[in-house]
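Structure file protein-v9.csv with CSV, C-alpha atoms:
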```csv
chain,number,residue,atom,x,y,z
M,1,MET,CA,-3.0,-31.0,23.3
M,2,ILE,CA,-4.7,-27.6,23.3
M,3,PRO,CA,-8.1,-27.7,25.0
M,4,ASP,CA,-10.9,-27.7,22.4
M,5,LYS,CA,-12.7,-24.6,23.8
M,6,ALA,CA,-14.6,-22.1,21.7
M,7,THR,CA,-12.6,-18.9,21.4
M,8,PRO,CA,-14.4,-15.8,20.2
M,9,GLN,CA,-12.9,-14.0,17.3
M,10,SER,CA,-12.8,-10.9,19.4
M,11,THR,CA,-10.4,-12.7,21.8
M,12,ALA,CA,-8.1,-13.6,19.0
M,13,ARG,CA,-8.0,-10.0,17.8
M,14,ALA,CA,-7.3,-8.8,21.3
M,15,ALA,CA,-4.4,-11.3,21.5
M,16,ARG,CA,-3.0,-9.9,18.2
M,17,GLN,CA,-3.4,-6.3,19.5
M,18,LEU,CA,-1.6,-7.1,22.7
M,19,LEU,CA,1.2,-8.8,20.9
M,20,ARG,CA,1.5,-5.9,18.4
M,21,ALA,CA,1.5,-3.3,21.2
M,22,HIS,CA,4.9,-4.5,22.6
M,23,ARG,CA,8.4,-4.5,21.2
M,24,TYR,CA,10.2,-7.1,23.2
M,25,GLY,CA,9.6,-10.3,25.1
M,26,ALA,CA,11.2,-13.3,26.7
M,27,LEU,CA,12.1,-15.9,24.0
M,28,SER,CA,12.4,-19.5,25.2
M,29,THR,CA,14.2,-22.0,23.0
M,30,LEU,CA,15.2,-25.6,23.6
M,31,SER,CA,18.9,-25.8,24.6
M,32,LYS,CA,21.1,-27.8,22.3
M,33,LYS,CA,23.9,-27.6,24.9
M,34,PHE,CA,21.8,-28.8,27.8
M,35,ASP,CA,19.8,-31.5,26.2
M,36,GLY,CA,16.5,-29.6,25.6
M,37,HIS,CA,16.3,-27.6,28.8
M,38,PRO,CA,14.4,-24.3,28.3
M,39,PHE,CA,16.7,-21.4,27.6
M,40,GLY,CA,15.3,-17.9,28.0
M,41,SER,CA,16.6,-14.6,26.5
M,42,ILE,CA,15.2,-11.1,26.0
M,43,THR,CA,14.5,-10.4,22.3
M,44,PRO,CA,13.1,-7.5,20.4
M,45,TYR,CA,10.4,-8.6,18.0
M,46,LEU,CA,8.1,-7.1,15.3
M,47,VAL,CA,4.6,-8.6,14.5
M,48,ASP,CA,4.4,-8.7,10.7
M,49,HIS,CA,1.3,-8.1,8.7
M,50,ASP,CA,0.4,-11.8,8.8
M,51,GLY,CA,0.7,-12.0,12.6
M,52,SER,CA,4.0,-13.9,12.6
M,53,LEU,CA,7.0,-12.5,14.5
M,54,LEU,CA,10.2,-11.2,13.1
M,55,ILE,CA,13.4,-11.4,15.2
M,56,LEU,CA,16.9,-10.3,14.2
M,57,ILE,CA,19.5,-12.5,15.8
M,58,SER,CA,23.1,-13.4,15.5
M,59,ALA,CA,24.4,-16.8,14.4
M,60,LEU,CA,26.7,-16.7,17.4
M,61,ALA,CA,23.8,-16.3,19.9
M,62,GLU,CA,22.9,-19.3,22.0
M,63,HIS,CA,19.2,-19.0,21.1
M,64,THR,CA,20.0,-19.1,17.4
M,65,LYS,CA,22.0,-22.3,17.8
M,66,ASN,CA,19.1,-23.7,19.7
M,67,ILE,CA,16.6,-22.8,17.0
M,68,GLN,CA,18.8,-24.3,14.3
M,69,HIS,CA,18.8,-27.5,16.3
M,70,ASP,CA,15.1,-27.5,17.2
M,71,PRO,CA,12.8,-24.8,15.8
M,72,ARG,CA,10.2,-25.0,18.6
M,73,VAL,CA,10.0,-21.8,20.6
M,74,SER,CA,7.8,-19.7,22.8
M,75,LEU,CA,7.7,-16.0,23.5
M,76,ILE,CA,6.0,-14.2,26.3
M,77,THR,CA,5.3,-10.4,26.5
M,78,HIS,CA,3.3,-8.3,28.9
M,79,ASN,CA,2.0,-4.8,29.6
M,80,GLN,CA,5.4,-3.3,30.4
M,81,GLU,CA,3.9,-0.1,31.8
M,82,ASP,CA,1.6,-1.9,34.4
M,83,SER,CA,3.2,-2.6,37.8
M,84,HIS,CA,0.5,-5.2,38.7
M,85,ILE,CA,2.2,-8.2,37.3
M,86,GLN,CA,-0.3,-10.9,38.2
M,87,THR,CA,-3.4,-9.1,36.9
M,88,GLN,CA,-2.1,-7.3,33.8
M,89,GLY,CA,-2.5,-8.4,30.2
M,90,ARG,CA,0.1,-10.8,28.9
M,91,ILE,CA,0.4,-13.3,26.1
M,92,THR,CA,2.5,-16.4,25.4
M,93,LEU,CA,3.0,-17.4,21.8
M,94,VAL,CA,4.0,-21.0,21.0
M,95,GLY,CA,5.3,-21.7,17.5
M,96,SER,CA,8.2,-22.6,15.3
M,97,ALA,CA,11.1,-20.4,14.1
M,98,ALA,CA,12.7,-20.5,10.7
M,99,LEU,CA,15.2,-18.4,8.8
M,100,GLU,CA,13.5,-15.6,6.8
M,101,PRO,CA,14.7,-15.8,3.2
M,102,GLN,CA,13.6,-12.2,2.2
M,103,ARG,CA,16.1,-10.4,4.4
M,104,GLU,CA,15.9,-7.0,2.7
M,105,LEU,CA,12.2,-6.9,2.6
M,106,ALA,CA,12.0,-7.9,6.3
M,107,GLY,CA,14.7,-5.4,7.2
M,108,LYS,CA,12.9,-2.5,5.5
M,109,ARG,CA,9.9,-2.8,7.9
M,110,TYR,CA,11.9,-3.9,10.9
M,111,LEU,CA,14.3,-1.0,10.9
M,112,ARG,CA,11.4,1.5,10.9
M,113,TYR,CA,10.5,0.1,14.3
M,114,PHE,CA,14.0,-0.5,15.5
M,115,PRO,CA,16.3,2.0,13.8
M,116,GLU,CA,18.9,1.4,16.5
M,117,ALA,CA,19.3,-2.1,15.0
M,118,GLN,CA,20.9,-0.8,11.8
M,119,THR,CA,24.4,-1.7,13.1
M,120,TYR,CA,23.3,-5.3,13.8
M,121,TYR,CA,21.5,-5.5,10.5
M,122,ASP,CA,24.7,-4.5,8.6
M,123,MET,CA,26.6,-7.4,10.2
M,124,PRO,CA,26.6,-10.5,8.0
M,125,ASP,CA,26.0,-12.9,10.9
M,126,PHE,CA,22.7,-11.3,11.9
M,127,GLN,CA,19.7,-12.8,10.1
M,128,PHE,CA,15.9,-12.6,10.5
M,129,TYR,CA,14.0,-15.5,11.8
M,130,ARG,CA,10.2,-15.7,11.5
M,131,ILE,CA,8.2,-17.3,14.3
M,132,VAL,CA,4.9,-18.8,13.0
M,133,PRO,CA,2.4,-19.2,15.8
M,134,GLN,CA,0.8,-22.5,16.6
M,135,ALA,CA,-1.2,-21.3,19.5
M,136,LEU,CA,-1.3,-18.5,22.0
M,137,ARG,CA,-2.1,-18.2,25.7
M,138,TYR,CA,-3.9,-14.9,26.1
M,139,ILE,CA,-4.5,-13.4,29.5
M,140,GLY,CA,-6.4,-10.1,29.3
M,141,GLY,CA,-6.7,-9.7,33.0
M,142,PHE,CA,-8.0,-11.6,36.1
M,143,GLY,CA,-10.3,-14.4,34.9
M,144,ASP,CA,-9.9,-13.4,31.2
M,145,ILE,CA,-7.8,-16.4,30.2
M,146,HIS,CA,-8.0,-18.2,26.8
M,147,TRP,CA,-6.1,-20.5,24.5
M,148,VAL,CA,-6.2,-19.0,21.0
M,149,LYS,CA,-5.6,-21.5,18.2
M,150,ALA,CA,-3.7,-20.5,15.1
M,151,ASP,CA,-6.8,-20.6,12.8
M,152,ARG,CA,-8.5,-18.1,15.1
M,153,TYR,CA,-5.4,-15.9,15.4
M,154,GLN,CA,-5.0,-15.8,11.6
M,155,VAL,CA,-5.1,-12.2,10.2
M,156,PRO,CA,-8.1,-11.5,8.0
M,157,ALA,CA,-7.2,-11.2,4.3
M,158,ASN,CA,-6.1,-7.7,3.5
M,159,THR,CA,-3.9,-5.7,1.1
M,160,LEU,CA,-2.0,-3.6,3.6
M,161,ALA,CA,1.3,-5.4,3.3
M,162,ALA,CA,1.6,-4.4,-0.4
M,163,GLU,CA,0.1,-0.9,0.2
M,164,GLU,CA,1.9,0.1,3.4
M,165,ASP,CA,4.8,2.0,2.0
M,166,ALA,CA,2.6,4.2,-0.2
M,167,LEU,CA,0.1,4.7,2.6
M,168,LEU,CA,2.9,5.8,5.0
M,169,ASN,CA,4.1,8.4,2.5
M,170,ARG,CA,0.6,9.8,2.1
M,171,VAL,CA,-0.3,10.0,5.7
M,172,ASN,CA,3.0,11.4,6.9
M,173,ALA,CA,3.1,14.0,4.2
M,174,ALA,CA,-0.3,15.3,5.5
M,175,ARG,CA,0.7,15.3,9.2
M,176,PRO,CA,2.6,17.9,11.1
M,177,ALA,CA,5.7,16.6,12.8
M,178,SER,CA,4.3,17.4,16.2
M,179,GLN,CA,1.7,14.7,15.7
M,180,GLY,CA,4.4,12.0,15.4
M,181,LEU,CA,5.6,9.9,12.5
M,182,VAL,CA,3.5,6.9,11.4
M,183,ILE,CA,6.0,4.1,11.1
M,184,GLY,CA,3.7,1.1,10.4
M,185,VAL,CA,0.1,0.3,9.5
M,186,ASP,CA,-1.5,-3.1,9.7
M,187,CYS,CA,-5.1,-4.4,9.8
M,188,ASP,CA,-5.3,-4.0,13.6
M,189,GLY,CA,-3.9,-0.5,14.0
M,190,TYR,CA,-0.9,1.8,13.5
M,191,ASP,CA,2.2,2.8,15.3
M,192,LEU,CA,3.4,6.4,15.9
M,193,ARG,CA,7.0,7.4,16.7
M,194,PHE,CA,7.7,10.4,18.9
M,195,GLY,CA,11.5,10.7,19.1
M,196,GLU,CA,12.6,7.4,20.6
M,197,ARG,CA,9.1,6.4,21.9
M,198,THR,CA,6.6,4.4,19.9
M,199,VAL,CA,2.9,4.5,20.7
M,200,ARG,CA,0.4,1.9,19.4
M,201,HIS,CA,-3.1,2.9,18.3
M,202,ASP,CA,-5.7,0.2,17.7
M,203,PHE,CA,-8.4,0.5,15.0
M,204,PRO,CA,-12.0,0.0,16.2
M,205,SER,CA,-12.4,-2.7,13.5
M,206,PRO,CA,-10.0,-4.5,11.1
M,207,ALA,CA,-8.8,-2.4,8.1
M,208,LEU,CA,-8.6,-4.5,5.0
M,209,GLU,CA,-7.3,-2.0,2.5
M,210,ALA,CA,-5.3,1.3,2.5
M,211,GLU,CA,-8.2,3.6,2.0
M,212,GLN,CA,-10.0,2.2,5.0
M,213,ALA,CA,-6.9,2.4,7.1
M,214,GLN,CA,-6.3,6.0,6.0
M,215,ALA,CA,-9.8,7.0,6.9
M,216,MET,CA,-9.4,5.5,10.4
M,217,LEU,CA,-6.0,7.2,10.8
M,218,GLN,CA,-7.5,10.6,10.0
M,219,ARG,CA,-10.3,10.4,12.6
```
So, in terms of C-alpha cells, how does the structure I just supplied come out?
Amino acid sequence: MIPDKATPQSTARAARQLLRAHRYGALSTLSKKFDGHPFGSITPYLVDHDGSLLILISALAEHTKNIQHDPRVSLITHNQEDSHIQTQGRITLVGSAALEPQRELAGKRYLRYFPEAQTYYDMPDFQFYRIVPQALRYIGGFGDIHWVKADRYQVPANTLAAEEDALLNRVNAARPASQGLVIGVDCDGYDLRFGERTVRHDFPSPALEAEQAQAMLQR
C-alpha cells in the first residue's frame, strides 16, 4: 500500500517535470522466463500529453514478452548530467503497460523526439506500449522525498494535445534556426532541439491552451 501522506500539487508537478526532462530510463518488468524475477533494461521513453509514457519496443525483446505476460512495470530515471548520484533528483514510476492502438498518432510525436528511431518504427515487429502511472516515488534531492499518487500526478485538463501541431508550425516559423527547433509543447513546458541535443524548458505555471503556451514560449 502507498502511505496515505498529503502530497502538495507542486510536488506532483515537479515529478512530471523531472520525468519529462529525460529521454531514457531503466525499465523493470517481471520475467516470464524466470518466474517473476525483476528484469531490467534501458529504454527510451516519451512522456505524452496526459503524463503517460510511450515506449517503442520489439516483439522479440525480453521486456516485451514480460509485459505481455504481466503488464506491471516500473521505470526509473534520474538527472543524467549530475555526478552526485545519491543527492540528485530522480523518479521511479510504477504502473501498467499496454499496447498502444493508435500507432501512427503515437509515432508522429515520438519520432520528433527520437528521429533516429525511424528505422525501428518502420519494422513491423516494433510497436508502441503506453505505461499508465499508478504511483511515483519522487526524490527532488536530499530530504525531498515523496510518494505521488496517480490522482495528484494527473495532468490538468488542457487542449494542447489537439493544438500542438499547429502551435509548433506557428512558433517555429517565427523563430530563427539559431534558437533551435521546438519539437514538442505540453502543459508543463516545451522541448528545443539543437542538432542532436534536446533541451527541456519548464513553464512557470501550467499552460492550458495554445495561446497561453505560445505567450510563455515568446517570453
Polymer residues at most 10 Å from (14.5, -11.7, 13.4) by only C-alpha atoms, as number ranges by chain: M: 43-46, 53-58, 97-100, 103, 106-107, 110, 121, 126-131
Find the residues of region 16-135 of chain M that sit at most 7 Å from region 181-196 of chain M; for each, write down the nearest two atoms and how far apart they are in Å, to one decimal. Count only C-alpha atoms. Sort by chain, then by number going up, and give it as JSON lines.
```
{"residue": "M:Gln17", "atom": "CA", "partner": "M:Asp188", "partner_atom": "CA", "distance": 6.6}
{"residue": "M:His49", "atom": "CA", "partner": "M:Asp186", "partner_atom": "CA", "distance": 5.8}
{"residue": "M:Arg112", "atom": "CA", "partner": "M:Ile183", "partner_atom": "CA", "distance": 6.0}
{"residue": "M:Tyr113", "atom": "CA", "partner": "M:Ile183", "partner_atom": "CA", "distance": 6.8}
```
Would you mind listing, for every residue of region 90-204 of chain M within 7 Å of region 63-82 of chain M, the two atoms forming the shortest contact and the distance between them in Å to one decimal, using all atoms listed in the file, sorted by chain and ascending residue number, as a Markdown table?
```
| residue | atom | partner | partner_atom | distance |
| --- | --- | --- | --- | --- |
| M:Arg90 | CA | M:His78 | CA | 4.1 |
| M:Ile91 | CA | M:Ile76 | CA | 5.7 |
| M:Thr92 | CA | M:Ile76 | CA | 4.2 |
| M:Leu93 | CA | M:Leu75 | CA | 5.2 |
| M:Val94 | CA | M:Ser74 | CA | 4.4 |
| M:Gly95 | CA | M:Val73 | CA | 5.6 |
| M:Ser96 | CA | M:Arg72 | CA | 4.5 |
| M:Ala97 | CA | M:Pro71 | CA | 5.0 |
| M:Ala98 | CA | M:Pro71 | CA | 6.7 |
```
Pick from M:Glu62, M:Gln88, M:Val171, M:Arg200, whichever lies nearest to Lys33 (chain M) using all atoms listed in the file: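 Between M:Glu62, M:Gln88, M:Val171, M:Arg200, the residue approaching Lys33 (chain M) most closely is M:Glu62.
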Counting all atoms listed in the file, the option among M:Ala162, M:Ala26, M:Ala59, M:Leu105 closest to Tyr120 (chain M): M:Ala59
Non-local contacts of Ser10 (chain M) (12 Å; all atoms listed in the file; under 3 positions in same chain excluded) as a ChimeraX atom specification: /M:6-7,13-17,138,140,146,148,152-153,188,204-206
Of the listed residues M:Ile85, M:Val155, M:Leu60, M:Leu27, that which approaches Ile42 (chain M) most closely, counting all atoms listed in the file: M:Leu27
Counting all atoms listed in the file, the residue of M:Gln179, M:Thr159, M:Thr198, M:Asn169 that sits nearest Gln212 (chain M): M:Thr159
